[in-house]
Amino acid sequence: MNEQPAMNPTSSPGASDQPGGSAPTGAPLSPGDEAPEGTPGTGPTVCRRCGGSGRIAGRACPECQGTGQVNVGIGGA
């Protein structure tokens with residue numbers, strides 16, 4: 001007889017209960033970042049401390065490290 005292995009419809013190889021999206025990049029975090037770049041549910045926004053210029057008093061902003069952007073959680077419930 002040719003018996004097929006039973007398939008469990010609730011599990012499959014590689015399946016995850018986590019939301020889709022790209023994996024975090026592993027880039028170093030700036031002090032103003034809430035999560036690594038690429039984390040699902042986050043996105044870049046203008047740094048509040050320097051207003052997006054990346055500079056404060058002629059120096060790199062310590063909050064965004066001179067990029068003018070920080071990565072923060074978006075949406076909400």
# chains A, B, ... in the order shown; residues from 1 in each chain; ligands from 1
>>> residues_around(residues="Gly52 (chain A)", least_positions_apart="3", cutoff="7 Å", atoms="only C-alpha atoms", output="ChimeraX atom specification")
/A:46-47,68-69
>>> residues_around(residues="region 60-65 of chain A", least_positions_apart="2", cutoff="8 Å", atoms="only C-alpha atoms", output="PDB file with C-alpha atoms, in the first residue's frame")
ATOM      1  CA  SER A  30      20.593  56.292  17.156  1.00  0.00           C
ATOM      2  CA  PRO A  31      19.600  57.455  20.652  1.00  0.00           C
ATOM      3  CA  GLY A  32      16.229  58.665  19.291  1.00  0.00           C
ATOM      4  CA  ASP A  33      15.360  55.370  17.562  1.00  0.00           C
ATOM      5  CA  CYS A  47      13.929  64.102  14.460  1.00  0.00           C
ATOM      6  CA  ARG A  49      15.233  67.648  18.539  1.00  0.00           C
ATOM      7  CA  CYS A  50      16.845  69.141  15.411  1.00  0.00           C
ATOM      8  CA  GLY A  54      20.648  66.865  11.582  1.00  0.00           C
ATOM      9  CA  ARG A  55      22.479  69.790  13.194  1.00  0.00           C
ATOM     10  CA  ILE A  56      22.223  71.693  16.485  1.00  0.00           C
ATOM     11  CA  GLY A  58      26.716  73.659  14.193  1.00  0.00           C
ATOM     12  CA  THR A  67      20.767  62.065   9.905  1.00  0.00           C
ATOM     13  CA  GLY A  68      17.736  64.236  10.649  1.00  0.00           C
ATOM     14  CA  GLN A  69      15.572  61.120  11.035  1.00  0.00           C
ATOM     15  CA  VAL A  70      14.738  58.609  13.761  1.00  0.00           C
TER      16      VAL A  70
END
>>> select_by_dssp(residues="region 29-76 of chain A", states="strand (DSSP E or B)", output="PyMOL selection string")
chain A and resi 42-46+55-56+59-60+69-73
